[in-house]
Amino acid sequence: MSISIRAIRGFRDIGPDEAYRHRFIEDQARDHFSLYGYREVRLPILEPTELFARGIGEGTDIVEKEMYTFQDRNGTSLTLRPEGTASAMRAYLEGGWSAQGGIAKIFYHGPMFRYERPQKGRYRQFYQIGLEAIGGAGPLVDAEVITLLSRFFNKMGVDDVRILVNSLGCPSCRPVYRQALVDFLEGVEEDLCSNCVRRITVNPLRVLDCKVPSCREAMDGAPGMLSFLCADCREHFSKVQEVLEAAGVVSTVDPGIVRGLDYYSRTAFEAVCDRLGAQSAVAAGGRYDFLAAEMGGDAPGIGFALGVERLAMLMDWESRPSPSLDFFVAAATPASRTPVLRLAERLRAASKAVGIDLEEKSLKAQMRQAGKTGAARVIILGDDEMRSGTLQIRDFTTGNQETVTEKEFFRSFCGEPSPTKGES
RNA sequence: GUGAGCAUAGCUCAAUUGGUUAGAGCGCUGGACUGUGGCUCCAGAGGUUGAGGGUUCAAGUCCCUCUGUUCACCCCA
């Protein structure tokens, strides 16, 4: 088609079927997270550019080339949020949420924006459900967050998601490891792809998860972060694993888990599924004990972000059809059009979902429409019925049709709790 | 930002070595059934072949440019 105005690249319209799926996921997440004491918050979509520049890190891809940044009418630089954690921390510090004592357990959902080339499972506006536990530094918090996430996938019926965990160390041990890694990489530089050679200076940790076979081979004897962890980090990580195991959460230690955002420390984790194509992560997160300091505060925290589109791609929706109408009221004759409206309104007042024809189509066309919209029953009203005060009730699942008086009908469907079934 | 593929009806796709009126399925509308869906049969509506230029007697088909889109790299949810 040649309509002249289209949605901009990477921005999509989410139609009724997909919106229903998003809504379903969000509702389930809300229920599930609240079982662990997390409460929903709503955060701005627009923030000062500085929040992300400092929080996420100046050298990261997100800040360098993926942000939607522009000036408002005052000339201040604003950015459409590329992720939620920085905002959550800002809100925590600004709103004094720590004053309530204990760990602030919050979650949120909504659109994020990144100026990337779209591909499967990746859009410029995409939806995340984020969860953060701010104010707790101990390994039990990490374990709870990962457990909650893992259980959520189970609950959504997605069983082939793997949980990968790693420890990134802290400011006292990570630099030591980084140096050791750089030393190693410089020794095998000729065997690395050109990309990885560049990474040695830009972000050496990234070489760890390069997919080029020759790089993997070259990385065979590379030092691992885990053997460089300081005593505190080592203990923290092993405690996390211990508790996860006790909770029955299956996870795999993967030294290749390297978060792209600067603020992560210690525990990092990822939920991946190989049915997603190249964008295999459906959720990812980690601990960010030094993020608050970038904003002039001080609070440890851990959290994750879940990609709603990606989770929706993994779920089996065949067995979860969208809800359909309870009734379709068809007008058999022109004179019954108005009575049909009245009847439909009466049913809707009793919280029944009711469809009617608004295009004055033939009865046959109305029946077809009713079948297509998936109505459970059709009520037919025409001259004969009006004369006798009855209705034709046709059950579309069985094909049976019966004549009942209007009184009877309302008694059984809108009076006492219906003995047939509670549909929706 | 880089690379490759694709672009034909509302949707999914056909169309011979370039060849005359661009087809089919699904969907839509109507009919067979003067007030009854799903199955079947019949009919109808629906296209500037993404846009622009070029080669040719002739272009959906070949060439160039642009735009869009998909997948991958990169990166990430």
# chains A, B, ... in the order shown; residues from 1 in each chain; ligands from 1

call {"tool": "interface_residues", "arguments": {"of": "chain B", "to": "chain A", "cutoff": "8 Å", "atoms": "only C-alpha atoms (C1' of nucleotides)", "output": "MDAnalysis selection string"}}
result
chainID B and resid 35:38 50 70:72 75:77

call {"tool": "residues_around", "arguments": {"residues": "range 317-321 of chain A", "least_positions_apart": "4", "cutoff": "10 Å", "atoms": "only C-alpha atoms (C1' of nucleotides)", "output": "VMD selection string"}}
result
chain A and resid 17 20 to 21 24 312 to 313

call {"tool": "atom_distance", "arguments": {"atom1": "CA of Cys233 in chain A", "atom2": "CA of Val253 in chain A"}}
result
14.8 Å

call {"tool": "residues_around", "arguments": {"residues": "range 28-37 of chain A", "least_positions_apart": "4", "cutoff": "8 Å", "atoms": "only C-alpha atoms (C1' of nucleotides)", "output": "list in words"}}
result
Phe24, Lys105, Phe107, Leu148 and Phe152 of chain A

call {"tool": "residues_around", "arguments": {"residues": "range 6-20 of chain B", "least_positions_apart": "3", "cutoff": "10 Å", "atoms": "only C-alpha atoms (C1' of nucleotides)", "output": "JSON, numbers by chain"}}
result
{"A": [1], "B": [23, 24, 25, 26, 27, 28, 46, 47, 49, 50, 56, 58, 59, 60, 61, 62, 68, 69, 70]}

call {"tool": "write_last_selection", "arguments": {"atoms": "N, CA, C and O atoms (P, O5', C5', C4', C3', O3' and C1' of nucleotides)", "output": "compact mmCIF listing (two decimals), in the first residue's frame"}}
result
# COMPACT_ATOMS: atom_id res chain seq x y z
N MET A 1 0.84 -1.21 0.00
CA MET A 1 0.00 0.00 0.00
C MET A 1 0.86 1.24 0.00
O MET A 1 2.01 1.23 0.36
P G B 23 -4.74 -12.19 -15.16
O5' G B 23 -5.18 -13.65 -14.74
C5' G B 23 -5.62 -13.88 -13.43
C4' G B 23 -4.85 -15.04 -12.86
C3' G B 23 -5.38 -15.53 -11.52
O3' G B 23 -6.47 -16.45 -11.71
C1' G B 23 -3.05 -15.26 -11.39
P A B 24 -7.62 -16.50 -10.65
O5' A B 24 -6.99 -17.36 -9.48
C5' A B 24 -6.64 -18.73 -9.72
C4' A B 24 -5.85 -19.29 -8.57
C3' A B 24 -6.50 -19.18 -7.19
O3' A B 24 -7.48 -20.18 -6.99
C1' A B 24 -4.21 -18.60 -7.05
P G B 25 -8.66 -19.93 -5.99
O5' G B 25 -7.97 -20.13 -4.58
C5' G B 25 -7.49 -21.41 -4.17
C4' G B 25 -6.73 -21.29 -2.87
C3' G B 25 -7.48 -20.60 -1.75
O3' G B 25 -8.36 -21.48 -1.06
C1' G B 25 -5.31 -19.69 -1.91
P C B 26 -9.74 -20.92 -0.47
O5' C B 26 -9.26 -19.96 0.71
C5' C B 26 -8.65 -20.50 1.89
C4' C B 26 -8.08 -19.41 2.74
C3' C B 26 -9.06 -18.32 3.18
O3' C B 26 -9.87 -18.71 4.28
C1' C B 26 -7.07 -17.32 2.41
P G B 27 -11.38 -18.21 4.37
O5' G B 27 -11.22 -16.64 4.51
C5' G B 27 -10.67 -16.06 5.71
C4' G B 27 -10.51 -14.57 5.54
C3' G B 27 -11.78 -13.83 5.16
O3' G B 27 -12.58 -13.54 6.30
C1' G B 27 -10.02 -13.13 3.76
P C B 28 -14.15 -13.45 6.12
O5' C B 28 -14.36 -12.17 5.19
C5' C B 28 -14.02 -10.88 5.67
C4' C B 28 -14.30 -9.85 4.60
C3' C B 28 -15.70 -9.88 4.02
O3' C B 28 -16.63 -9.20 4.84
C1' C B 28 -14.13 -9.74 2.26
P G B 46 -13.16 -3.25 -8.49
O5' G B 46 -11.97 -3.52 -7.46
C5' G B 46 -11.89 -2.77 -6.24
C4' G B 46 -10.92 -3.43 -5.30
C3' G B 46 -9.51 -3.61 -5.85
O3' G B 46 -8.75 -2.42 -5.68
C1' G B 46 -10.24 -5.62 -4.85
P G B 47 -8.01 -1.76 -6.90
O5' G B 47 -6.53 -1.82 -6.34
C5' G B 47 -5.86 -3.02 -6.22
C4' G B 47 -4.40 -2.89 -6.54
C3' G B 47 -4.03 -1.83 -7.58
O3' G B 47 -2.83 -1.18 -7.22
C1' G B 47 -3.43 -4.00 -8.36
P U B 49 1.70 -1.27 -11.39
O5' U B 49 1.84 -1.73 -9.88
C5' U B 49 3.07 -1.63 -9.19
C4' U B 49 3.42 -2.94 -8.53
C3' U B 49 4.92 -3.23 -8.53
O3' U B 49 5.24 -3.85 -7.31
C1' U B 49 3.77 -5.00 -9.54
P G B 50 6.65 -3.65 -6.68
O5' G B 50 6.53 -2.32 -5.80
C5' G B 50 5.34 -2.02 -5.07
C4' G B 50 5.56 -0.75 -4.30
C3' G B 50 6.10 0.40 -5.13
O3' G B 50 5.07 1.11 -5.80
C1' G B 50 7.43 0.15 -3.20
P U B 56 17.98 1.09 -26.38
O5' U B 56 16.95 -0.12 -26.49
C5' U B 56 17.43 -1.44 -26.74
C4' U B 56 16.29 -2.43 -26.66
C3' U B 56 15.06 -2.07 -27.48
O3' U B 56 15.21 -2.42 -28.85
C1' U B 56 14.40 -2.75 -25.32
P A B 58 10.19 -0.36 -26.83
O5' A B 58 9.44 -1.61 -26.17
C5' A B 58 8.02 -1.62 -26.11
C4' A B 58 7.53 -2.94 -25.56
C3' A B 58 8.07 -3.31 -24.19
O3' A B 58 7.35 -2.68 -23.16
C1' A B 58 8.21 -5.17 -25.64
P A B 59 8.09 -2.26 -21.82
O5' A B 59 8.48 -3.63 -21.13
C5' A B 59 7.50 -4.58 -20.73
C4' A B 59 7.82 -5.08 -19.33
C3' A B 59 7.78 -4.00 -18.26
O3' A B 59 7.36 -4.58 -17.05
C1' A B 59 9.95 -4.88 -18.39
P G B 60 5.81 -4.60 -16.65
O5' G B 60 5.83 -5.24 -15.19
C5' G B 60 6.30 -4.49 -14.07
C4' G B 60 6.81 -5.42 -13.00
C3' G B 60 8.15 -6.07 -13.32
O3' G B 60 9.22 -5.27 -12.92
C1' G B 60 6.58 -7.71 -12.61
P U B 61 10.54 -5.16 -13.83
O5' U B 61 11.09 -6.64 -13.90
C5' U B 61 11.51 -7.32 -12.71
C4' U B 61 11.87 -8.75 -13.06
C3' U B 61 13.06 -8.89 -14.00
O3' U B 61 13.89 -9.96 -13.58
C1' U B 61 11.14 -9.94 -14.92
P C B 62 15.23 -9.57 -12.82
O5' C B 62 16.10 -8.85 -13.94
C5' C B 62 16.99 -9.61 -14.77
C4' C B 62 17.84 -8.67 -15.60
C3' C B 62 18.35 -7.44 -14.86
O3' C B 62 19.51 -7.72 -14.09
C1' C B 62 17.46 -6.78 -16.94
P G B 68 13.77 4.75 4.82
O5' G B 68 12.80 3.49 4.79
C5' G B 68 11.40 3.68 4.95
C4' G B 68 10.68 2.41 4.59
C3' G B 68 11.08 1.18 5.40
O3' G B 68 10.44 1.14 6.66
C1' G B 68 11.00 0.63 3.11
P U B 69 11.20 0.47 7.90
O5' U B 69 11.16 -1.08 7.53
C5' U B 69 9.93 -1.78 7.46
C4' U B 69 10.15 -3.14 6.85
C3' U B 69 11.12 -4.04 7.60
O3' U B 69 10.48 -4.72 8.67
C1' U B 69 11.65 -4.06 5.29
P U B 70 11.32 -5.18 9.93
O5' U B 70 12.02 -6.51 9.41
C5' U B 70 11.24 -7.64 9.08
C4' U B 70 12.11 -8.70 8.45
C3' U B 70 13.32 -9.11 9.27
O3' U B 70 12.99 -10.08 10.25
C1' U B 70 13.98 -8.74 7.03

call {"tool": "select_by_dssp", "arguments": {"residues": "range 114-340 of chain A", "states": "helix (DSSP H, G or I)", "output": "NGL selection string"}}
result
:A and (139-155 or 174-187 or 189-191 or 194-202 or 204-209 or 213-218 or 225-228 or 231-246 or 274-276 or 292-295 or 308-314 or 334-340)

call {"tool": "residues_around", "arguments": {"residues": "Val63 in chain A", "least_positions_apart": "5", "cutoff": "8 Å", "atoms": "only C-alpha atoms (C1' of nucleotides)", "output": "JSON, numbers by chain"}}
result
{"A": [52, 53, 56, 57, 58]}

call {"tool": "residues_around", "arguments": {"residues": "Asp316 in chain A", "least_positions_apart": "5", "cutoff": "9 Å", "atoms": "only C-alpha atoms (C1' of nucleotides)", "output": "PyMOL selection string"}}
result
chain A and resi 156-158

call {"tool": "closest_residue", "arguments": {"among": "A:Leu131, A:Ile25, A:Ile356, A:Met225", "to": "Glu144 in chain A", "atoms": "only C-alpha atoms"}}
result
A:Leu131

call {"tool": "atom_distance", "arguments": {"atom1": "CA of Thr147 in chain A", "atom2": "CA of Gly84 in chain A"}}
result
20.6 Å

call {"tool": "select_by_dssp", "arguments": {"residues": "range 1-213 of chain A", "states": "strand (DSSP E or B)", "output": "PyMOL selection string"}}
result
chain A and resi 39-40+46-48+68-71+77-80+104-113+119+122+125-134+162-167

call {"tool": "closest_residue", "arguments": {"among": "A:Ile103, A:Leu51, A:Leu208, A:Ala86", "to": "Gly221 in chain A", "atoms": "only C-alpha atoms"}}
result
A:Leu208

call {"tool": "closest_residue", "arguments": {"among": "B:A22, B:A32, B:C41, B:C66", "to": "G53 in chain B", "atoms": "only C-alpha atoms (C1' of nucleotides)"}}
result
B:C66

call {"tool": "atom_distance", "arguments": {"atom1": "CA of Gly75 in chain A", "atom2": "CA of Pro48 in chain A"}}
result
11.4 Å
